[in-house]
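Scroll down for the structure; my scribbles are underneath it.
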Amino acid sequence: MLKILASLSALILAISLVVLANATMMTVLPLRMLAGGASDSTVAILGAAYSLGFMLGCFSEPPRILRVGYIRAFAAAAAVCTSLAIVTDLTSSVALWIFLRFLTGVCIAAIFAAGDGWINAATPDAIRGRVVSAYAWCTGVAQVLGQLLLLRVDGLQVGFVTVLAIGFNLAVVLVTMTRTTAPSARSEPVDAADEVPSRAASLMGGIVVTSWIGALAALHSGLVSTSVASIL
């Protein structure tokens, strides 16, 4: 297990940096909006826009990952997150913030899809549960550290979100410079590029049919966690 974790350490650290930056933004942006006089409803729309983007990204990004592979998909999505965070810091337009958070949701979904797929493919069945638990522990620590960071830094000041963007950028560096060879994103040969989206879509539908209780549990978990993260 330790050998597998060592080989995945750069990827897990990269995802943890993404989680740290994104989780901190999920707290800072609503606070900045409220400080600027925005209503509670507007803050709720901001959170909903991110979640909508994430939801759509779960369907739109796996076919892209199949085409370009885990490393390039991860790096591209994290690089776009860097740009989106910087633009967010440079503007005070609420409408633009909502649109940027929607795009960020799509990119974060791509990052998790690439990272989770990579870890799943690189881990033997016998120890997958323990490896995923260690991975989840690391991302959980990153979320905690992101919130504790606000005890030391004024998150409302202009420039703070740009600093958080460094986390996204460092994730790109870690993943692209890793010496570990990423597994193939395709579990079976694909004859034509246009077959990839249809196969991905059928796989998603198959998961819902095969484990509908799991799908409902995931939906409920998303409702609760999003409400807590964005509103509470």
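Numbering starts fresh at 1 for the residues of each chain in the structure tokens, the chains themselves are lettered A, B, ... in the order given, and ligands are numbered from 1 as they appear.
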
Self-check item: Contacts of Ser184 of chain A at 12 Å (only C-alpha atoms; same-chain gap of 5+ positions) as a PyMOL selection string
Solution: chain A and resi 65-72+114+117-122+189

(Q) Report as a list in words all protein, DNA and RNA residues lying within 9 Å of Leu90 of chain A, evaluated on only C-alpha atoms, omitting residues in the same chain fewer than 4 positions from it. (A)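 Selected residues are Ala85, Ile86, Val158, Gly159 and Thr162 of chain A.
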
Writer output for current selection, N, CA and C atoms, as an mmCIF file, in the first residue's frame:
```
data_model
loop_
_atom_site.group_PDB
_atom_site.id
_atom_site.type_symbol
_atom_site.label_atom_id
_atom_site.label_comp_id
_atom_site.auth_asym_id
_atom_site.auth_seq_id
_atom_site.Cartn_x
_atom_site.Cartn_y
_atom_site.Cartn_z
ATOM 1 N N ALA A 85 -9.908 32.154 -11.263
ATOM 2 C CA ALA A 85 -9.743 32.744 -9.935
ATOM 3 C C ALA A 85 -9.165 34.146 -10.023
ATOM 4 N N ILE A 86 -8.183 34.331 -10.901
ATOM 5 C CA ILE A 86 -7.564 35.653 -11.047
ATOM 6 C C ILE A 86 -8.572 36.666 -11.585
ATOM 7 N N VAL A 158 -8.690 42.541 -1.602
ATOM 8 C CA VAL A 158 -8.431 42.246 -3.010
ATOM 9 C C VAL A 158 -7.022 41.677 -3.139
ATOM 10 N N GLY A 159 -6.907 40.614 -3.889
ATOM 11 C CA GLY A 159 -5.619 39.949 -4.070
ATOM 12 C C GLY A 159 -5.550 38.600 -3.388
ATOM 13 N N THR A 162 -6.385 35.751 -5.733
ATOM 14 C CA THR A 162 -5.269 35.527 -6.646
ATOM 15 C C THR A 162 -4.197 34.671 -5.980
#
```

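What separates atom CA of Pro30 of chain A from atom CA of Gly115 of chain A is a distance of 27.4 Å.
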
Determine, counting only C-alpha atoms, which protein, DNA and RNA residues have an atom within 9 Å of an atom of segment 14-22 of chain A; residues of the same chain fewer than 2 positions away are not included. Present the result as an mmCIF file with C-alpha atoms, in the first residue's frame.
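Just written: part-v8.cif:
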```
data_model
loop_
_atom_site.group_PDB
_atom_site.id
_atom_site.type_symbol
_atom_site.label_atom_id
_atom_site.label_comp_id
_atom_site.auth_asym_id
_atom_site.auth_seq_id
_atom_site.Cartn_x
_atom_site.Cartn_y
_atom_site.Cartn_z
ATOM 1 C CA SER A 9 1.783 11.193 -3.791
ATOM 2 C CA ALA A 10 2.253 13.967 -6.380
ATOM 3 C CA LEU A 11 -1.282 13.490 -7.694
ATOM 4 C CA ILE A 12 -2.839 13.403 -4.206
ATOM 5 C CA THR A 24 -11.422 28.583 0.726
ATOM 6 C CA MET A 25 -12.972 30.396 -2.240
ATOM 7 C CA MET A 26 -16.342 28.839 -1.392
ATOM 8 C CA THR A 27 -16.141 30.622 1.973
ATOM 9 C CA ALA A 78 -6.410 23.272 -13.153
ATOM 10 C CA CYS A 81 -9.195 27.353 -12.659
ATOM 11 C CA THR A 104 -15.053 26.764 -12.099
ATOM 12 C CA ILE A 108 -13.312 21.167 -10.673
ATOM 13 C CA ILE A 111 -10.082 17.629 -11.972
ATOM 14 C CA PHE A 112 -11.858 15.173 -9.691
ATOM 15 C CA GLY A 115 -7.775 12.389 -10.344
ATOM 16 C CA TYR A 135 -6.692 10.130 -0.375
ATOM 17 C CA CYS A 138 -5.618 14.293 2.602
ATOM 18 C CA THR A 139 -8.351 16.258 0.861
ATOM 19 C CA GLY A 140 -10.195 16.611 4.167
ATOM 20 C CA VAL A 141 -7.098 18.071 5.809
ATOM 21 C CA ALA A 142 -6.792 20.487 2.885
ATOM 22 C CA GLN A 143 -10.352 21.702 3.469
ATOM 23 C CA VAL A 144 -9.667 22.256 7.161
ATOM 24 C CA LEU A 145 -6.435 24.132 6.452
ATOM 25 C CA GLY A 146 -8.222 26.326 3.920
ATOM 26 C CA GLN A 147 -10.719 27.465 6.548
ATOM 27 C CA VAL A 161 -8.217 35.023 -4.302
ATOM 28 C CA VAL A 163 -3.043 34.033 -3.957
ATOM 29 C CA LEU A 164 -5.408 31.057 -3.810
ATOM 30 C CA ALA A 165 -4.985 30.709 -7.571
ATOM 31 C CA ILE A 166 -1.380 29.738 -6.887
ATOM 32 C CA GLY A 167 -2.733 26.483 -5.440
ATOM 33 C CA PHE A 168 -4.359 25.624 -8.758
ATOM 34 C CA ASN A 169 -1.180 26.517 -10.603
ATOM 35 C CA LEU A 170 1.050 24.433 -8.335
ATOM 36 C CA ALA A 171 -1.273 21.490 -8.953
ATOM 37 C CA VAL A 172 -0.519 21.800 -12.679
ATOM 38 C CA VAL A 173 3.219 21.724 -11.959
ATOM 39 C CA LEU A 174 2.978 18.669 -9.703
ATOM 40 C CA VAL A 175 0.919 16.603 -12.121
#
```

In chain A, what's helix (DSSP H, G or I) per DSSP? Answer as a PDB file with C-alpha atoms, in the first residue's frame?
```
ATOM      1  CA  LEU A   2       2.798   2.427   0.909  1.00  0.00           C
ATOM      2  CA  LYS A   3       4.397   1.859  -2.486  1.00  0.00           C
ATOM      3  CA  ILE A   4       1.148   2.722  -4.266  1.00  0.00           C
ATOM      4  CA  LEU A   5       0.637   5.817  -2.113  1.00  0.00           C
ATOM      5  CA  ALA A   6       4.207   6.924  -2.809  1.00  0.00           C
ATOM      6  CA  SER A   7       3.642   6.604  -6.553  1.00  0.00           C
ATOM      7  CA  SER A   9       1.783  11.193  -3.791  1.00  0.00           C
ATOM      8  CA  ALA A  10       2.253  13.967  -6.380  1.00  0.00           C
ATOM      9  CA  LEU A  11      -1.282  13.490  -7.694  1.00  0.00           C
ATOM     10  CA  ILE A  12      -2.839  13.403  -4.206  1.00  0.00           C
ATOM     11  CA  LEU A  13      -0.910  16.524  -3.182  1.00  0.00           C
ATOM     12  CA  ALA A  14      -2.007  18.268  -6.382  1.00  0.00           C
ATOM     13  CA  ILE A  15      -5.672  17.457  -5.735  1.00  0.00           C
ATOM     14  CA  SER A  16      -5.284  18.562  -2.102  1.00  0.00           C
ATOM     15  CA  LEU A  17      -3.995  21.954  -3.282  1.00  0.00           C
ATOM     16  CA  VAL A  18      -6.993  22.283  -5.589  1.00  0.00           C
ATOM     17  CA  VAL A  19      -9.344  21.400  -2.724  1.00  0.00           C
ATOM     18  CA  LEU A  20      -7.635  23.904  -0.403  1.00  0.00           C
ATOM     19  CA  ALA A  21      -7.954  26.733  -2.910  1.00  0.00           C
ATOM     20  CA  ASN A  22     -11.491  25.917  -3.991  1.00  0.00           C
ATOM     21  CA  ALA A  23     -12.869  25.286  -0.488  1.00  0.00           C
ATOM     22  CA  THR A  24     -11.422  28.583   0.726  1.00  0.00           C
ATOM     23  CA  MET A  25     -12.972  30.396  -2.240  1.00  0.00           C
ATOM     24  CA  MET A  26     -16.342  28.839  -1.392  1.00  0.00           C
ATOM     25  CA  THR A  27     -16.141  30.622   1.973  1.00  0.00           C
ATOM     26  CA  VAL A  28     -14.463  33.866   0.919  1.00  0.00           C
ATOM     27  CA  LEU A  29     -16.627  34.778  -2.073  1.00  0.00           C
ATOM     28  CA  PRO A  30     -19.978  34.737  -0.220  1.00  0.00           C
ATOM     29  CA  LEU A  31     -18.386  36.803   2.573  1.00  0.00           C
ATOM     30  CA  ARG A  32     -17.117  39.351   0.044  1.00  0.00           C
ATOM     31  CA  MET A  33     -20.539  39.486  -1.601  1.00  0.00           C
ATOM     32  CA  LEU A  34     -22.308  40.068   1.722  1.00  0.00           C
ATOM     33  CA  ALA A  35     -19.758  42.719   2.675  1.00  0.00           C
ATOM     34  CA  ASP A  40     -28.750  36.155   0.766  1.00  0.00           C
ATOM     35  CA  SER A  41     -30.542  35.088  -2.423  1.00  0.00           C
ATOM     36  CA  THR A  42     -27.660  36.285  -4.564  1.00  0.00           C
ATOM     37  CA  VAL A  43     -25.208  34.325  -2.420  1.00  0.00           C
ATOM     38  CA  ALA A  44     -27.407  31.249  -2.848  1.00  0.00           C
ATOM     39  CA  ILE A  45     -27.368  31.709  -6.632  1.00  0.00           C
ATOM     40  CA  LEU A  46     -23.563  31.893  -6.538  1.00  0.00           C
ATOM     41  CA  GLY A  47     -23.397  28.539  -4.772  1.00  0.00           C
ATOM     42  CA  ALA A  48     -25.991  27.048  -7.094  1.00  0.00           C
ATOM     43  CA  ALA A  49     -24.036  28.215 -10.163  1.00  0.00           C
ATOM     44  CA  TYR A  50     -20.919  26.391  -8.991  1.00  0.00           C
ATOM     45  CA  SER A  51     -22.904  23.233  -8.261  1.00  0.00           C
ATOM     46  CA  LEU A  52     -24.668  23.395 -11.632  1.00  0.00           C
ATOM     47  CA  GLY A  53     -21.306  23.701 -13.377  1.00  0.00           C
ATOM     48  CA  PHE A  54     -19.931  20.783 -11.371  1.00  0.00           C
ATOM     49  CA  MET A  55     -22.966  18.662 -12.228  1.00  0.00           C
ATOM     50  CA  LEU A  56     -22.680  19.378 -15.954  1.00  0.00           C
ATOM     51  CA  GLY A  57     -18.923  18.798 -15.788  1.00  0.00           C
ATOM     52  CA  CYS A  58     -19.517  15.295 -14.454  1.00  0.00           C
ATOM     53  CA  PHE A  59     -21.155  14.462 -17.785  1.00  0.00           C
ATOM     54  CA  SER A  60     -19.180  16.650 -20.208  1.00  0.00           C
ATOM     55  CA  GLU A  61     -15.626  16.068 -18.977  1.00  0.00           C
ATOM     56  CA  PRO A  62     -15.192  12.246 -18.830  1.00  0.00           C
ATOM     57  CA  PRO A  63     -15.376  11.973 -22.655  1.00  0.00           C
ATOM     58  CA  ARG A  64     -12.671  14.651 -22.868  1.00  0.00           C
ATOM     59  CA  ILE A  65     -10.525  12.723 -20.393  1.00  0.00           C
ATOM     60  CA  LEU A  66     -10.899   9.622 -22.535  1.00  0.00           C
ATOM     61  CA  ARG A  67      -9.589  11.558 -25.529  1.00  0.00           C
ATOM     62  CA  VAL A  68      -6.565  13.281 -23.987  1.00  0.00           C
ATOM     63  CA  TYR A  70      -5.575  11.867 -17.204  1.00  0.00           C
ATOM     64  CA  ILE A  71      -2.535  14.142 -17.026  1.00  0.00           C
ATOM     65  CA  ARG A  72      -3.467  16.549 -19.803  1.00  0.00           C
ATOM     66  CA  ALA A  73      -7.118  16.712 -18.703  1.00  0.00           C
ATOM     67  CA  PHE A  74      -6.111  17.450 -15.105  1.00  0.00           C
ATOM     68  CA  ALA A  75      -3.512  20.048 -16.087  1.00  0.00           C
ATOM     69  CA  ALA A  76      -5.839  21.841 -18.498  1.00  0.00           C
ATOM     70  CA  ALA A  77      -8.689  22.053 -15.974  1.00  0.00           C
ATOM     71  CA  ALA A  78      -6.410  23.272 -13.153  1.00  0.00           C
ATOM     72  CA  ALA A  79      -4.852  25.885 -15.466  1.00  0.00           C
ATOM     73  CA  VAL A  80      -8.304  27.209 -16.381  1.00  0.00           C
ATOM     74  CA  CYS A  81      -9.195  27.353 -12.659  1.00  0.00           C
ATOM     75  CA  THR A  82      -6.120  29.518 -12.125  1.00  0.00           C
ATOM     76  CA  SER A  83      -7.280  31.986 -14.772  1.00  0.00           C
ATOM     77  CA  LEU A  84     -10.869  32.019 -13.497  1.00  0.00           C
ATOM     78  CA  ALA A  85      -9.743  32.744  -9.935  1.00  0.00           C
ATOM     79  CA  ILE A  86      -7.564  35.653 -11.047  1.00  0.00           C
ATOM     80  CA  VAL A  87     -10.363  37.169 -13.138  1.00  0.00           C
ATOM     81  CA  THR A  88     -12.732  36.770 -10.169  1.00  0.00           C
ATOM     82  CA  ASP A  89     -10.336  38.785  -8.031  1.00  0.00           C
ATOM     83  CA  LEU A  90     -10.085  41.551 -10.630  1.00  0.00           C
ATOM     84  CA  VAL A  94     -21.826  39.800  -9.217  1.00  0.00           C
ATOM     85  CA  ALA A  95     -23.187  38.519 -12.532  1.00  0.00           C
ATOM     86  CA  LEU A  96     -19.664  37.807 -13.759  1.00  0.00           C
ATOM     87  CA  TRP A  97     -18.786  36.099 -10.499  1.00  0.00           C
ATOM     88  CA  ILE A  98     -21.760  33.778 -10.905  1.00  0.00           C
ATOM     89  CA  PHE A  99     -20.695  32.903 -14.455  1.00  0.00           C
ATOM     90  CA  LEU A 100     -17.068  32.376 -13.393  1.00  0.00           C
ATOM     91  CA  ARG A 101     -18.116  30.085 -10.542  1.00  0.00           C
ATOM     92  CA  PHE A 102     -20.208  28.075 -12.997  1.00  0.00           C
ATOM     93  CA  LEU A 103     -17.122  27.573 -15.172  1.00  0.00           C
ATOM     94  CA  THR A 104     -15.053  26.764 -12.099  1.00  0.00           C
ATOM     95  CA  GLY A 105     -17.546  24.043 -11.198  1.00  0.00           C
ATOM     96  CA  VAL A 106     -17.082  22.445 -14.613  1.00  0.00           C
ATOM     97  CA  CYS A 107     -13.286  22.522 -14.234  1.00  0.00           C
ATOM     98  CA  ILE A 108     -13.312  21.167 -10.673  1.00  0.00           C
ATOM     99  CA  ALA A 109     -15.467  18.270 -11.872  1.00  0.00           C
ATOM    100  CA  ALA A 110     -12.871  17.563 -14.558  1.00  0.00           C
ATOM    101  CA  ILE A 111     -10.082  17.629 -11.972  1.00  0.00           C
ATOM    102  CA  PHE A 112     -11.858  15.173  -9.691  1.00  0.00           C
ATOM    103  CA  ALA A 113     -12.875  12.924 -12.576  1.00  0.00           C
ATOM    104  CA  ALA A 114      -9.284  12.774 -13.803  1.00  0.00           C
ATOM    105  CA  GLY A 115      -7.775  12.389 -10.344  1.00  0.00           C
ATOM    106  CA  ASP A 116     -10.255   9.818  -9.069  1.00  0.00           C
ATOM    107  CA  GLY A 117     -10.058   7.841 -12.308  1.00  0.00           C
ATOM    108  CA  TRP A 118      -6.261   7.853 -12.162  1.00  0.00           C
ATOM    109  CA  ILE A 119      -6.207   6.646  -8.546  1.00  0.00           C
ATOM    110  CA  ASN A 120      -8.829   3.992  -9.221  1.00  0.00           C
ATOM    111  CA  ALA A 121      -6.998   2.652 -12.276  1.00  0.00           C
ATOM    112  CA  ALA A 122      -3.593   2.637 -10.577  1.00  0.00           C
ATOM    113  CA  ASP A 125      -8.529  -4.119  -5.943  1.00  0.00           C
ATOM    114  CA  ALA A 126      -7.205  -5.584  -2.680  1.00  0.00           C
ATOM    115  CA  ILE A 127      -6.073  -2.230  -1.248  1.00  0.00           C
ATOM    116  CA  ARG A 128      -8.266   0.251  -3.148  1.00  0.00           C
ATOM    117  CA  GLY A 129     -10.433   1.021  -0.123  1.00  0.00           C
ATOM    118  CA  ARG A 130      -7.441   1.905   2.047  1.00  0.00           C
ATOM    119  CA  VAL A 131      -5.807   4.002  -0.666  1.00  0.00           C
ATOM    120  CA  VAL A 132      -9.017   5.926  -1.320  1.00  0.00           C
ATOM    121  CA  SER A 133      -9.412   6.467   2.435  1.00  0.00           C
ATOM    122  CA  ALA A 134      -5.902   7.950   2.645  1.00  0.00           C
ATOM    123  CA  TYR A 135      -6.692  10.130  -0.375  1.00  0.00           C
ATOM    124  CA  ALA A 136      -9.944  11.340   1.218  1.00  0.00           C
ATOM    125  CA  TRP A 137      -8.088  12.070   4.466  1.00  0.00           C
ATOM    126  CA  CYS A 138      -5.618  14.293   2.602  1.00  0.00           C
ATOM    127  CA  THR A 139      -8.351  16.258   0.861  1.00  0.00           C
ATOM    128  CA  GLY A 140     -10.195  16.611   4.167  1.00  0.00           C
ATOM    129  CA  VAL A 141      -7.098  18.071   5.809  1.00  0.00           C
ATOM    130  CA  ALA A 142      -6.792  20.487   2.885  1.00  0.00           C
ATOM    131  CA  GLN A 143     -10.352  21.702   3.469  1.00  0.00           C
ATOM    132  CA  VAL A 144      -9.667  22.256   7.161  1.00  0.00           C
ATOM    133  CA  LEU A 145      -6.435  24.132   6.452  1.00  0.00           C
ATOM    134  CA  GLY A 146      -8.222  26.326   3.920  1.00  0.00           C
ATOM    135  CA  GLN A 147     -10.719  27.465   6.548  1.00  0.00           C
ATOM    136  CA  LEU A 148      -8.048  27.933   9.246  1.00  0.00           C
ATOM    137  CA  LEU A 149      -6.129  30.096   6.794  1.00  0.00           C
ATOM    138  CA  LEU A 150      -8.854  32.712   7.170  1.00  0.00           C
ATOM    139  CA  LEU A 151      -7.940  33.100  10.837  1.00  0.00           C
ATOM    140  CA  PHE A 160      -6.397  37.103  -1.680  1.00  0.00           C
ATOM    141  CA  VAL A 161      -8.217  35.023  -4.302  1.00  0.00           C
ATOM    142  CA  THR A 162      -5.269  35.527  -6.646  1.00  0.00           C
ATOM    143  CA  VAL A 163      -3.043  34.033  -3.957  1.00  0.00           C
ATOM    144  CA  LEU A 164      -5.408  31.057  -3.810  1.00  0.00           C
ATOM    145  CA  ALA A 165      -4.985  30.709  -7.571  1.00  0.00           C
ATOM    146  CA  ILE A 166      -1.380  29.738  -6.887  1.00  0.00           C
ATOM    147  CA  GLY A 167      -2.733  26.483  -5.440  1.00  0.00           C
ATOM    148  CA  PHE A 168      -4.359  25.624  -8.758  1.00  0.00           C
ATOM    149  CA  ASN A 169      -1.180  26.517 -10.603  1.00  0.00           C
ATOM    150  CA  LEU A 170       1.050  24.433  -8.335  1.00  0.00           C
ATOM    151  CA  ALA A 171      -1.273  21.490  -8.953  1.00  0.00           C
ATOM    152  CA  VAL A 172      -0.519  21.800 -12.679  1.00  0.00           C
ATOM    153  CA  VAL A 173       3.219  21.724 -11.959  1.00  0.00           C
ATOM    154  CA  LEU A 174       2.978  18.669  -9.703  1.00  0.00           C
ATOM    155  CA  VAL A 175       0.919  16.603 -12.121  1.00  0.00           C
ATOM    156  CA  THR A 176       2.867  17.472 -15.256  1.00  0.00           C
ATOM    157  CA  MET A 177       6.245  16.882 -13.567  1.00  0.00           C
ATOM    158  CA  GLU A 195     -17.898   6.698 -30.011  1.00  0.00           C
ATOM    159  CA  VAL A 196     -16.338   8.018 -26.818  1.00  0.00           C
ATOM    160  CA  PRO A 197     -19.176  10.327 -25.647  1.00  0.00           C
ATOM    161  CA  SER A 198     -21.853   7.709 -26.289  1.00  0.00           C
ATOM    162  CA  ARG A 199     -19.928   5.061 -24.349  1.00  0.00           C
ATOM    163  CA  ALA A 200     -19.361   7.452 -21.458  1.00  0.00           C
ATOM    164  CA  ALA A 201     -23.038   8.391 -21.409  1.00  0.00           C
ATOM    165  CA  SER A 202     -24.128   4.745 -21.446  1.00  0.00           C
ATOM    166  CA  LEU A 203     -21.731   4.036 -18.580  1.00  0.00           C
ATOM    167  CA  MET A 204     -23.253   6.847 -16.498  1.00  0.00           C
ATOM    168  CA  GLY A 205     -26.752   5.535 -17.196  1.00  0.00           C
ATOM    169  CA  GLY A 206     -25.663   2.022 -16.337  1.00  0.00           C
ATOM    170  CA  ILE A 207     -24.377   3.142 -12.939  1.00  0.00           C
ATOM    171  CA  VAL A 208     -27.727   4.715 -12.079  1.00  0.00           C
ATOM    172  CA  VAL A 209     -29.627   1.590 -13.134  1.00  0.00           C
ATOM    173  CA  THR A 210     -27.239  -0.824 -11.430  1.00  0.00           C
ATOM    174  CA  TRP A 212     -29.938   3.446  -7.955  1.00  0.00           C
ATOM    175  CA  ILE A 213     -29.715   3.558  -4.152  1.00  0.00           C
ATOM    176  CA  GLY A 214     -26.113   4.735  -4.467  1.00  0.00           C
ATOM    177  CA  ALA A 215     -27.203   7.388  -6.966  1.00  0.00           C
ATOM    178  CA  LEU A 216     -29.939   8.661  -4.633  1.00  0.00           C
ATOM    179  CA  ALA A 217     -27.509   8.666  -1.696  1.00  0.00           C
ATOM    180  CA  ALA A 218     -25.026  10.713  -3.734  1.00  0.00           C
ATOM    181  CA  LEU A 219     -27.786  13.168  -4.681  1.00  0.00           C
ATOM    182  CA  HIS A 220     -28.821  13.585  -1.057  1.00  0.00           C
ATOM    183  CA  SER A 221     -25.199  14.022   0.022  1.00  0.00           C
ATOM    184  CA  GLY A 222     -24.769  16.729  -2.602  1.00  0.00           C
ATOM    185  CA  LEU A 223     -27.886  18.587  -1.423  1.00  0.00           C
ATOM    186  CA  VAL A 224     -26.689  18.603   2.167  1.00  0.00           C
ATOM    187  CA  SER A 225     -23.010  19.377   1.587  1.00  0.00           C
ATOM    188  CA  THR A 226     -23.695  22.166  -0.912  1.00  0.00           C
ATOM    189  CA  SER A 227     -26.216  23.837   1.384  1.00  0.00           C
ATOM    190  CA  VAL A 228     -23.817  23.713   4.311  1.00  0.00           C
ATOM    191  CA  ALA A 229     -20.794  24.904   2.312  1.00  0.00           C
ATOM    192  CA  SER A 230     -22.566  27.752   0.504  1.00  0.00           C
TER     193      SER A 230
END
```
